[in-house]
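A.B. asks: Here you go, one structure.
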Amino acid sequence: MPVTVWWDDVQIEQFETILKQTATSFYVLDADCGVDSYPTELYLGELADVFVGVENQEHEPVTYILQVKLGGELLKTETVILEDGYSMEQPISFTPTLIGPLLKLEFLLFKNTVTEKPYKEFVLWVPSEIDYNNLAVLSNYVVFPLPEIENGNMESFGGWTTENATNFTAFLTDSAYVSPVHSYATSYQSTTAAPLDSYACICQNITTAKYPAVVVLSFNVKDSCTENKADAFIKLVRLDDRVIWTDDVAGDDGWRHIKVPVTLNAATTKLMLGLYTKAEGAADFPVDVWWDDVVIEPITKAPEKATSSFYVLDANGTEENYPTKLHLGEPAEVLVGIKNDEHTEMNYILQIKQDDSLLRTESRWLKRWDSDEWVIPFVPDHVGENQKLGFLLYEEFVKGEPYKRFYLWTSTDVNFDNLEPLLSYEISPLPKIKGGDMDSLSAWTVTHTGGFRGGSSTEEYVSPLYSCRVEQYDNTAKDDYMELSQQFYAQDSGVVVMSFNVRDSYTNDVRDAYPETATDAKNISKQVLINDEVIWDKGLLGKNEGYEGWVVEKYVWGADTWDIKKPRVKSGWKLVDIPVYLVEGNNELMLRVYANEDVNKLPKTVNVYWDDVAIKSLSQLVETGDTVRMKWYSGSADYYGEDE
C-alpha cells in the first residue's frame with residue numbers, strides 16, 4: 001500500500017524557549033485599582049464598576065472573551081485580542097438585572113472561544129437590592145405579560161396543592177379572610193412537641209414567558225398566636241429552595257399585607273407558603289396561619305421604603321484613619337451615626353463582626369427624625385490577614401439580612417509589647433512539648449546538613465542528666481543547619497509562652513584567644529521557630545548566659561523606685577521566655593543552629609546545647625496590679641548551680 005509522509009518548517013530553536021512556561025495573568029480589582037472596595041452591595045439597574053487586567057504570556061496572539069454574570073445571568077461580554085507579551089487594563093461597568101440577598105458575581109475569562117469551563121475566573125458573593133432612593137429605574141424591568149397566580153384570592157380549591165407533616169394540616173377555610181369569603185390555613189393542632197423542620201404548606205408552580213423576571217410577590221398573612229412565643233413556629237415563603245420571607249408567630253399582629261421584590265430565575269418556579277417549626281421541642285401548642293390574596297405585581301409596585309441614614313467613620317469623625325491594623329485583645333474605636341427617617345419610633349441594633357465572630361452588639365431607640373452619633377469601642381478576638389470587619393444595622397430584631405451594612409478589610413496581629421490584654425487569650429489546657437527535658441530525643445525529628453551534627457549529651461545540662469548538643473565539626477556552607485523539630489497540638493488558638501534554655505561554648509576565653517573568628521561566630525545563629533516563623537535568633541557572638549524575656553517590676557514606696565524581680569537561671573545558661581501565638585490544631589516547633597554565610601570550622605569546636613524546652617501559660621509570666629508592671633529584659637539573672 002503506497003504511503004506518503006510530508007515534512008515542513010524544520011528549524012532549530014533555543015532551548016530556553018521550549019522551557020518557557022505559558023500563562024495568562026488575570027485579575028479583578030475594585031474601581032480604585034485596589035482590593036479594599038469591591039462592590040459589596042449592588043442595586044437593580046444601577047451601574048457598578050471594577051477594574052480588570054489581563055496579560056498574555058501564551059507565546060501567541062490570543063482572543064480573550066470576558067463575561068460578567070450575576071446569579072448565572074449574563075450581564076456583559078467584552079472581547080480583546082492581545083499579542084504575546086501585551087496586557088490590557090481597563091475599568092469594566094455592568095448593570096444588575098435581578099435582585100437577591102446573596103448572588104454569585106462572576107468574572108469569567110475565556111481563551112479564543114467560550115467553553116463550558118472558563119480559562120480563568122474571579123468570584124464575589126454580593127446582594128443585589130432595590131435602591132429606594134431611585135425607584136424610577138424600576139420601570140425598565142417591568143415584565144409583560146406578568147406571571148399569574150391561579151386562585152390567588154383563595155375562593156376555591158383550584159391552583160394550590162398541599163404538603164404537610166404529622167399533626168400539620170393545610171385546608172381551605174372561611175374562619176378568617178381578607179377578600180370574601182375564604183382563605184387557606186396552614187395549621188398545627190396538637191399539644192405535643194412538633195419535630196424540628198416539620199411543616200404544612202400550600203404550593204403552586206409559577207410560569208413565566210421571560211426569565212429571569214423581576215417582580216413583586218404580594219400576599220396577606222395572619223396567625224392565631226397572641227403570646228410572645230418567638231421560638232416556636234415561623235411563617236415562611238419560599239421560591240424553590242430560596243427563603244424570600246419569614247416571620248415568627250409571636251405577638252398579636254393581625255392581618256399583614258406583605259410585598260416582597262423577587263427574581264423568578266426559571267420558566268417554572270415553585271411557590272410555597274407555610275407554617276414551619278423553628279426550634280426543637282418548643283412547638284407544643286396549637287396555631288393557625290391564614291394566607292389570602294396572593295398576587296404577582298410589576299416591580300414598580302415595590303413598597304416605598306423610607307430609609308434611615310447610617311454611617312461609620314474613624315474615631316475622629318473622618319474617613320482618613322479607619323482602624324484597619326488591629327491588635328489582638330486591644331480596643332479599637334469607630335464613630336457610628338444613625339438618623340431615623342422611618343415613619344415611626346425605631347429600635348436600631350448594631351452588630352460588629354470580625355469575619356463571623358460577633359465582637360459587640362449595641363442598640364439605640366430613636367424617635368422619628370431623631371439622630372444619634374457615638375464612639376463605639378470593640379476588641380478583635382482572633383489573628384489573621386484580610387479579615388472582613390462588618391458593621392451590621394438591624395431594625396427591631398436581629399434576623400435575616402441587615403437593614404444597612406458597612407465593611408472594612410482589616411488585619412489583626414499580636415502586640416507582644418502589651419501583654420496584659422493577651423491574658424484573655426490563654427490556651428487551656430496547655431499544649432505539651434514531648435521530650436522537652438532532652439533525656440531522650442525520640443520525640444524529636446533530627447535533621448542536619450553540611451558540617452553540623454549532634455545528639456544527646458551529658459556534658460552540660462539544666463535538668464539532669466541530658467541536654468541536646470549541636471556541634472560544628474567541619475566547615476559549613478551557607479544554609480547548613482542542624483534542627484530538632486516536633487509537632488504539637490493546640491486545642492484553641494491563643495497566646496502561650498515558649499520557654500527554653502540554651503548555651504554555647506563560644507565563651508569569652510575562646511573569643512579572646514581567637515579574635516579573628518568573631519565574624520564567623522556571628523554568622524552561626526541559634527534559632528527557634530514556630531510554624532516556620534523565627535521567634536528568636538541570636539548569633540554565637542554575644543552574651544551567652546542570663547535571662548531574656550519579660551520580668552516583673554514592683555514599685556518600692558519608700559525609695560520611689562521600681563525593683564526588678566530577676567528569674568533564677570542555671571549558671572552558664574540562658575533562659576528565654578518568648579510569648580507566641582499558636583493556631584488551633586497542629587503547630588510545629590523547631591530548634592536550629594544555622595549558618596547564615598559560609599563559615600570555616602572554628603579553631604576550637606563550638607557546641608550549642610538545648611535543654612528544658614516547655615510551653616508555659618502567659619499568666620506564669622505576667623503579673624498585674626497597681627504597683628506592678630511588666631518590662632522586656634535581657635541581662636543577668638539570679639544564678640544557681642556549680643558556678644554561682
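Ordered as shown in the C-alpha cells, chains take letters A, B, and onward, while each chain numbers its residues from 1 and ligands are numbered from 1 in the order shown.
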When you look at Val28 of chain A with a cut-off of 7 Å (counting only C-alpha atoms), what residues show up, excluding the ones that are within fewer than 2 positions of it in the same chain? I need them as a PyMOL selection string.
C.D. replies: chain A and resi 30+50-53+122
A.B. asks: Would you save the residues of that selection, restricted to N, CA and C atoms, as a PDB file, in the first residue's frame?
C.D. replies:
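Once everything was written out, this is out-v6.pdb:
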```pdb
ATOM      1  N   ASP A  30     -10.951  46.557  42.611  1.00  0.00           N
ATOM      2  CA  ASP A  30     -12.073  47.475  42.752  1.00  0.00           C
ATOM      3  C   ASP A  30     -11.878  48.669  41.815  1.00  0.00           C
ATOM      4  N   VAL A  50     -15.698  47.822  38.263  1.00  0.00           N
ATOM      5  CA  VAL A  50     -14.489  47.151  38.730  1.00  0.00           C
ATOM      6  C   VAL A  50     -13.374  47.488  37.744  1.00  0.00           C
ATOM      7  N   PHE A  51     -12.176  47.027  38.048  1.00  0.00           N
ATOM      8  CA  PHE A  51     -11.011  47.240  37.193  1.00  0.00           C
ATOM      9  C   PHE A  51     -10.437  45.865  36.856  1.00  0.00           C
ATOM     10  N   VAL A  52     -10.295  45.584  35.564  1.00  0.00           N
ATOM     11  CA  VAL A  52      -9.879  44.255  35.103  1.00  0.00           C
ATOM     12  C   VAL A  52      -8.539  44.361  34.383  1.00  0.00           C
ATOM     13  N   GLY A  53      -7.661  43.376  34.651  1.00  0.00           N
ATOM     14  CA  GLY A  53      -6.380  43.308  33.973  1.00  0.00           C
ATOM     15  C   GLY A  53      -6.146  41.925  33.390  1.00  0.00           C
ATOM     16  N   PHE A 122     -12.899  34.895  38.526  1.00  0.00           N
ATOM     17  CA  PHE A 122     -12.861  35.616  39.798  1.00  0.00           C
ATOM     18  C   PHE A 122     -14.303  35.745  40.262  1.00  0.00           C
TER      19      PHE A 122
END
```
A.B. asks: Pick out the residues sitting within 10 Å of Gln620 of chain A, and hand them over as a list in words; count only C-alpha atoms, and ignore anything fewer than 3 positions along from it in its own chain.
C.D. replies: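 Close residues of Gln620 of chain A: Val496, Val497, Lys616, Ser617 and Glu623 of chain A.
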A.B. asks: Mind giving me the straight-line distance from atom CA of Trp444 of chain A to atom CA of Ser485 of chain A in Å, one decimal?
C.D. replies: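 Between atom CA of Trp444 of chain A and atom CA of Ser485 of chain A the gap is 5.5 Å.
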A.B. asks: Pick the closest to Arg256 of chain A from A:Val216, A:Val289, A:Ala279, A:Leu172: which is it, counting only C-alpha atoms?
C.D. replies: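 Going through A:Val216, A:Val289, A:Ala279, A:Leu172 one by one, the smallest distance to Arg256 of chain A is for A:Val289.
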A.B. asks: Of the candidates A:Tyr639, A:Tyr199, A:Phe397, A:Tyr555, which one gets nearest to Lys278 of chain A if we count only C-alpha atoms?
C.D. replies: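 Residue with the minimum atom-to-atom distance to Lys278 of chain A: A:Tyr199.
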A.B. asks: From the list A:Ser424, A:Ser499, A:Gln486, A:Thr324, which residue is nearest Thr412 of chain A when using only C-alpha atoms?
C.D. replies: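 Among the listed residues, A:Thr324 lies closest to Thr412 of chain A.
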A.B. asks: Quick one: everything within 12 Å of Ser428 of chain A, counting only C-alpha atoms, minus sequence neighbours fewer than 4 positions away in the same chain. Send it as a count of residues only.
C.D. replies: 17
A.B. asks: So how many Å separate atom CA of Leu103 of chain A and atom CA of Ser128 of chain A, to one decimal?
C.D. replies: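 Taking atom CA of Leu103 of chain A and atom CA of Ser128 of chain A, their separation equals 7.2 Å.
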A.B. asks: List the spatial neighbours of Asp612 of chain A as a PyMOL selection string - criterion: any atom at most 7 Å away, only C-alpha atoms, same-chain residues fewer than 5 positions off excluded.
C.D. replies: chain A and resi 436-438+462-463+500-501
A.B. asks: Report, in Å to a single decimal, how far apart atom CA of Val262 of chain A and atom CA of Val237 of chain A are.
C.D. replies: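 Result for atom CA of Val237 of chain A versus atom CA of Val262 of chain A: 11.4 Å, one decimal.
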A.B. asks: Can you tell me which residues surround Val502 of chain A at a distance of at most 7 Å, considering only C-alpha atoms, apart from same-chain residues fewer than 6 positions away, and format the answer as a ChimeraX atom specification?
C.D. replies: /A:573-575,609-611
A.B. asks: Ser224 of chain A: which residues within 8 Å, counting only C-alpha atoms, same-chain residues fewer than 2 positions away excluded, as a ChimeraX atom specification?
C.D. replies: /A:222,226,249,252,287-289
A.B. asks: Those residues with all heavy atoms, as an mmCIF file, in the first residue's frame please?
C.D. replies:
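part_29.cif, written as the output of this step:
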```cif
data_model
loop_
_atom_site.group_PDB
_atom_site.id
_atom_site.type_symbol
_atom_site.label_atom_id
_atom_site.label_comp_id
_atom_site.auth_asym_id
_atom_site.auth_seq_id
_atom_site.Cartn_x
_atom_site.Cartn_y
_atom_site.Cartn_z
ATOM 1 N N LYS A 222 -51.836 36.102 58.370
ATOM 2 C CA LYS A 222 -52.227 36.318 59.761
ATOM 3 C C LYS A 222 -52.017 35.011 60.514
ATOM 4 O O LYS A 222 -52.161 33.922 59.944
ATOM 5 C CB LYS A 222 -53.695 36.740 59.839
ATOM 6 C CG LYS A 222 -54.231 36.898 61.256
ATOM 7 C CD LYS A 222 -55.723 37.195 61.252
ATOM 8 C CE LYS A 222 -56.255 37.257 62.687
ATOM 9 N NZ LYS A 222 -57.710 37.517 62.724
ATOM 10 N N THR A 226 -51.236 34.924 69.988
ATOM 11 C CA THR A 226 -51.258 36.267 70.582
ATOM 12 C C THR A 226 -50.245 36.416 71.701
ATOM 13 O O THR A 226 -50.183 37.453 72.352
ATOM 14 C CB THR A 226 -52.660 36.586 71.129
ATOM 15 O OG1 THR A 226 -53.008 35.608 72.116
ATOM 16 C CG2 THR A 226 -53.692 36.590 70.014
ATOM 17 N N VAL A 249 -44.367 33.696 64.847
ATOM 18 C CA VAL A 249 -45.791 33.867 65.138
ATOM 19 C C VAL A 249 -46.017 34.649 66.427
ATOM 20 O O VAL A 249 -47.164 34.804 66.863
ATOM 21 C CB VAL A 249 -46.495 32.493 65.230
ATOM 22 C CG1 VAL A 249 -46.366 31.741 63.919
ATOM 23 C CG2 VAL A 249 -45.951 31.667 66.391
ATOM 24 N N ASP A 252 -49.474 39.669 68.722
ATOM 25 C CA ASP A 252 -50.795 39.764 68.104
ATOM 26 C C ASP A 252 -50.714 40.740 66.937
ATOM 27 O O ASP A 252 -50.998 41.930 67.066
ATOM 28 C CB ASP A 252 -51.819 40.226 69.157
ATOM 29 C CG ASP A 252 -53.243 40.160 68.637
ATOM 30 O OD1 ASP A 252 -53.437 39.636 67.526
ATOM 31 O OD2 ASP A 252 -54.145 40.643 69.342
ATOM 32 N N VAL A 287 -51.685 26.264 66.666
ATOM 33 C CA VAL A 287 -51.552 27.547 65.974
ATOM 34 C C VAL A 287 -52.085 27.409 64.553
ATOM 35 O O VAL A 287 -51.957 26.343 63.930
ATOM 36 C CB VAL A 287 -50.077 28.022 65.963
ATOM 37 C CG1 VAL A 287 -49.192 27.071 65.198
ATOM 38 C CG2 VAL A 287 -49.955 29.438 65.405
ATOM 39 N N ASP A 288 -52.706 28.473 64.062
ATOM 40 C CA ASP A 288 -53.165 28.556 62.672
ATOM 41 C C ASP A 288 -52.500 29.742 61.998
ATOM 42 O O ASP A 288 -52.288 30.794 62.622
ATOM 43 C CB ASP A 288 -54.683 28.752 62.606
ATOM 44 C CG ASP A 288 -55.444 27.550 63.122
ATOM 45 O OD1 ASP A 288 -55.215 26.450 62.604
ATOM 46 O OD2 ASP A 288 -56.253 27.720 64.068
ATOM 47 N N VAL A 289 -52.171 29.577 60.724
ATOM 48 C CA VAL A 289 -51.694 30.679 59.891
ATOM 49 C C VAL A 289 -52.578 30.733 58.657
ATOM 50 O O VAL A 289 -52.742 29.716 57.964
ATOM 51 C CB VAL A 289 -50.222 30.508 59.495
ATOM 52 C CG1 VAL A 289 -49.802 31.610 58.521
ATOM 53 C CG2 VAL A 289 -49.320 30.514 60.717
#
```
A.B. asks: Counting only C-alpha atoms, what is within 10 Å of Asp197 of chain A, bar same-chain residues fewer than 2 positions away, as a VMD selection string?
C.D. replies: chain A and resid 165 194 to 195 199 233 275 to 280
